[in-house]
file model-v2.cif (mmCIF, C-alpha atoms)
data_upload
#
loop_
_atom_site.label_atom_id
_atom_site.label_comp_id
_atom_site.auth_asym_id
_atom_site.auth_seq_id
_atom_site.Cartn_x
_atom_site.Cartn_y
_atom_site.Cartn_z
CA MET S 1 16.77 80.29 -38.28
CA SER S 2 17.18 82.08 -34.98
CA ASP S 3 20.92 82.82 -35.15
CA SER S 4 20.98 84.90 -38.29
CA ILE S 5 23.36 87.75 -38.95
CA LEU S 6 22.45 90.81 -41.01
CA THR S 7 24.76 93.56 -42.22
CA ILE S 8 23.06 96.95 -42.28
CA ARG S 9 24.66 99.54 -44.53
CA LEU S 10 23.78 102.94 -43.03
CA ILE S 11 23.92 105.47 -45.86
CA ARG S 12 24.67 109.04 -44.87
CA SER S 13 25.34 110.45 -48.35
CA PHE S 14 24.80 108.87 -51.74
CA GLU S 15 26.82 111.51 -53.59
CA TYR S 16 29.89 111.18 -51.37
CA ARG S 17 29.43 107.42 -50.81
CA THR S 18 29.40 107.85 -47.04
CA THR S 19 28.33 104.63 -45.32
CA LYS S 20 28.95 102.74 -42.11
CA ASN S 21 28.20 99.08 -41.56
CA MET S 22 26.29 97.76 -38.57
CA ILE S 23 26.22 94.05 -37.77
CA LEU S 24 23.12 92.61 -36.09
CA THR S 25 23.46 89.10 -34.69
CA GLY S 26 21.19 86.48 -33.14
CA LEU S 27 18.14 87.44 -35.21
CA CYS S 28 15.14 85.21 -35.88
CA LEU S 29 14.18 86.32 -39.37
CA SER S 30 10.91 84.38 -39.32
CA GLU S 31 9.63 86.47 -36.39
CA ILE S 32 10.98 90.00 -36.93
CA THR S 33 9.01 92.52 -38.96
CA VAL S 34 10.48 95.34 -41.06
CA SER S 35 9.26 97.84 -38.46
CA GLN S 36 10.91 95.93 -35.62
CA LEU S 37 14.19 95.78 -37.55
CA LYS S 38 14.10 99.54 -38.14
CA SER S 39 13.54 100.05 -34.39
CA MET S 40 16.49 97.77 -33.55
CA ILE S 41 18.74 99.72 -35.91
CA ARG S 42 17.63 103.10 -34.56
CA GLU S 43 18.18 101.89 -30.98
CA LYS S 44 21.70 100.75 -31.80
CA ILE S 45 22.44 104.05 -33.56
CA SER S 46 21.28 106.07 -30.55
CA SER S 47 23.08 103.91 -27.96
CA ASN S 48 26.43 103.40 -29.69
CA PRO S 49 28.81 106.40 -29.87
CA SER S 50 30.44 105.08 -33.05
CA PHE S 51 27.21 105.91 -34.90
CA LYS S 52 26.99 109.49 -33.60
CA ALA S 53 27.20 110.97 -37.12
CA TYR S 54 24.04 109.01 -38.02
CA GLN S 55 21.90 109.89 -35.00
CA ASN S 56 20.09 112.87 -36.53
CA LEU S 57 19.64 111.48 -40.03
CA PRO S 58 16.07 110.77 -41.13
CA LEU S 59 16.74 107.14 -42.12
CA ASP S 60 13.39 105.66 -43.10
CA THR S 61 13.79 102.98 -45.79
CA LEU S 62 15.36 99.54 -46.03
CA LYS S 63 16.39 97.86 -49.28
CA ILE S 64 18.23 94.61 -49.90
CA TYR S 65 21.75 95.33 -51.17
CA SER S 66 22.84 91.73 -51.68
CA LYS S 67 22.13 88.23 -50.47
CA ALA S 68 24.72 85.79 -49.14
CA HIS S 69 26.86 84.31 -51.92
CA GLY S 70 24.94 86.34 -54.51
CA ALA S 71 26.13 88.91 -57.00
CA LYS S 72 26.63 92.46 -55.76
CA SER S 73 25.56 95.63 -57.49
CA GLN S 74 28.03 97.49 -59.71
CA ASN S 75 27.19 100.64 -57.78
CA LEU S 76 29.32 100.71 -54.63
CA ILE S 77 26.90 102.78 -52.55
CA MET S 78 23.49 101.39 -53.46
CA ASN S 79 21.70 98.73 -55.44
CA LEU S 80 19.82 101.00 -57.86
CA GLU S 81 18.27 98.03 -59.65
CA ASN S 82 15.73 95.59 -58.22
CA GLU S 83 13.11 98.03 -56.94
CA GLU S 84 11.17 95.00 -55.69
CA TRP S 85 13.89 94.60 -53.03
CA MET S 86 12.65 97.77 -51.29
CA LEU S 87 11.06 96.87 -47.93
CA GLU S 88 8.10 99.25 -47.84
CA ASP S 89 5.56 97.26 -45.83
CA ASP S 90 6.53 97.70 -42.17
CA ASP S 91 4.34 94.75 -41.11
CA GLU S 92 6.05 92.19 -43.35
CA ILE S 93 8.13 89.42 -41.78
CA LEU S 94 11.74 89.56 -42.97
CA SER S 95 11.93 85.93 -44.10
CA SER S 96 8.79 86.38 -46.23
CA ARG S 97 10.73 88.93 -48.30
CA GLY S 98 13.57 86.51 -48.95
CA ILE S 99 15.89 87.94 -46.33
CA GLU S 100 18.15 85.18 -45.10
CA HIS S 101 21.31 84.68 -43.04
CA GLU S 102 24.10 87.12 -44.05
CA THR S 103 21.92 89.34 -46.23
CA GLU S 104 23.15 92.93 -46.59
CA LEU S 105 20.51 95.65 -46.26
CA SER S 106 20.83 99.37 -46.92
CA PHE S 107 19.11 101.81 -44.53
CA PHE S 108 18.70 105.30 -45.95
CA ASN S 109 16.53 108.34 -46.49
CA LYS S 110 14.11 107.60 -49.33
CA GLU S 111 13.94 111.21 -50.55
CA ALA S 112 17.75 111.33 -50.87
CA TYR S 113 17.70 107.96 -52.64
CA LEU S 114 15.16 109.12 -55.22
CA ALA S 115 17.17 112.29 -55.88
CA PHE S 116 20.36 110.25 -56.34
CA LYS S 117 18.62 107.69 -58.54
CA SER S 118 17.39 110.41 -60.89
CA ASN S 119 20.96 111.78 -61.17
CA PRO S 120 23.51 109.18 -59.94
CA GLN S 121 26.56 111.44 -59.86
CA THR S 122 29.21 111.08 -57.20
CA LYS S 123 31.15 114.10 -55.94
CA TRP S 124 34.56 112.66 -55.24
#
call {"tool": "encode", "arguments": {"input": "model-v2.cif", "output": "structure tokens"}}
result
Amino acid sequence: MSDSILTIRLIRSFEYRTTKNMILTGLCLSEITVSQLKSMIREKISSNPSFKAYQNLPLDTLKIYSKAHGAKSQNLIMNLENEEWMLEDDDEILSSRGIEHETELSFFNKEAYLAFKSNPQTKW
């Protein structure tokens, strides 16, 4: 499908549940790799003033938050279950990982994620 839409949940802080959504349209999920998607997201962050607060964050990891018409996580900031949904191989094609039209992905700093996962306390 070459007209897919993905929602990217940019996570600034796990503890304070600070996120901003980015919508990417017109994607061909059978041709784009994880690395290419990360580059597209970083380019949009750096070129769009509404993402200024996210420009200097070391965002390095993608994980599926939910799939279209599927159940969402009970955790509002992050899907802490389903570790197999972590996209760690930058050379993988998105569709080969089950990413389809209207999938929501989280983009975050892995070190911050691991710290939050070990102690999932929110501060507000």
call {"tool": "atom_distance", "arguments": {"input": "model-v2.cif", "atom1": "atom CA of S:Arg9", "atom2": "atom CA of S:Ser96"}}
result
20.7 Å
call {"tool": "resolve_selection", "arguments": {"input": "model-v2.cif", "expression": "the PyMOL selection byres ((chain S and resi 16) around 10)", "output": "PyMOL selection string"}}
result
chain S and resi 11-15+17-19+77+121-124
call {"tool": "resolve_selection", "arguments": {"input": "model-v2.cif", "expression": "the PyMOL selection byres ((chain S and resi 58) around 6)", "output": "number ranges by chain"}}
result
S: 57, 59, 109
call {"tool": "resolve_selection", "arguments": {"input": "model-v2.cif", "expression": "the PyMOL selection byres ((chain S and resi 90) around 9)", "output": "list in words"}}
result
Thr33, Val34, Ser35, Gln36, Lys38, Leu87, Glu88, Asp89, Asp91, Glu92 and Ile93 of chain S
call {"tool": "residues_around", "arguments": {"input": "model-v2.cif", "residues": "S:Leu6", "least_positions_apart": "3", "cutoff": "9 Å", "atoms": "all atoms listed in the file", "output": "number ranges by chain"}}
result
S: 22-25, 27, 99-105
call {"tool": "residues_around", "arguments": {"input": "model-v2.cif", "residues": "S:Tyr65", "least_positions_apart": "4", "cutoff": "10 Å", "atoms": "only C-alpha atoms", "output": "MDAnalysis selection string"}}
result
chainID S and resid 7:9 71:73 76:82 85:86 103:107
call {"tool": "atom_distance", "arguments": {"input": "model-v2.cif", "atom1": "atom CA of S:Thr61", "atom2": "atom CA of S:Ser47"}}
result
20.1 Å
call {"tool": "closest_residue", "arguments": {"input": "model-v2.cif", "among": "S:Leu10, S:Leu62, S:Leu114, S:Leu29", "to": "S:Lys44", "atoms": "all atoms listed in the file"}}
result
S:Leu10
call {"tool": "residues_near_point", "arguments": {"input": "model-v2.cif", "point": "(22.2, 85.2, -33.4)", "cutoff": "7 Å", "atoms": "all atoms listed in the file", "output": "VMD selection string"}}
result
chain S and resid 2 to 5 25 to 27
call {"tool": "atom_distance", "arguments": {"input": "model-v2.cif", "atom1": "atom CA of S:Ser39", "atom2": "atom CA of S:Glu83"}}
result
22.6 Å
call {"tool": "closest_residue", "arguments": {"input": "model-v2.cif", "among": "S:Ala115, S:Gly98, S:Pro120, S:Ser50", "to": "S:Ser66", "atoms": "all atoms listed in the file"}}
result
S:Gly98
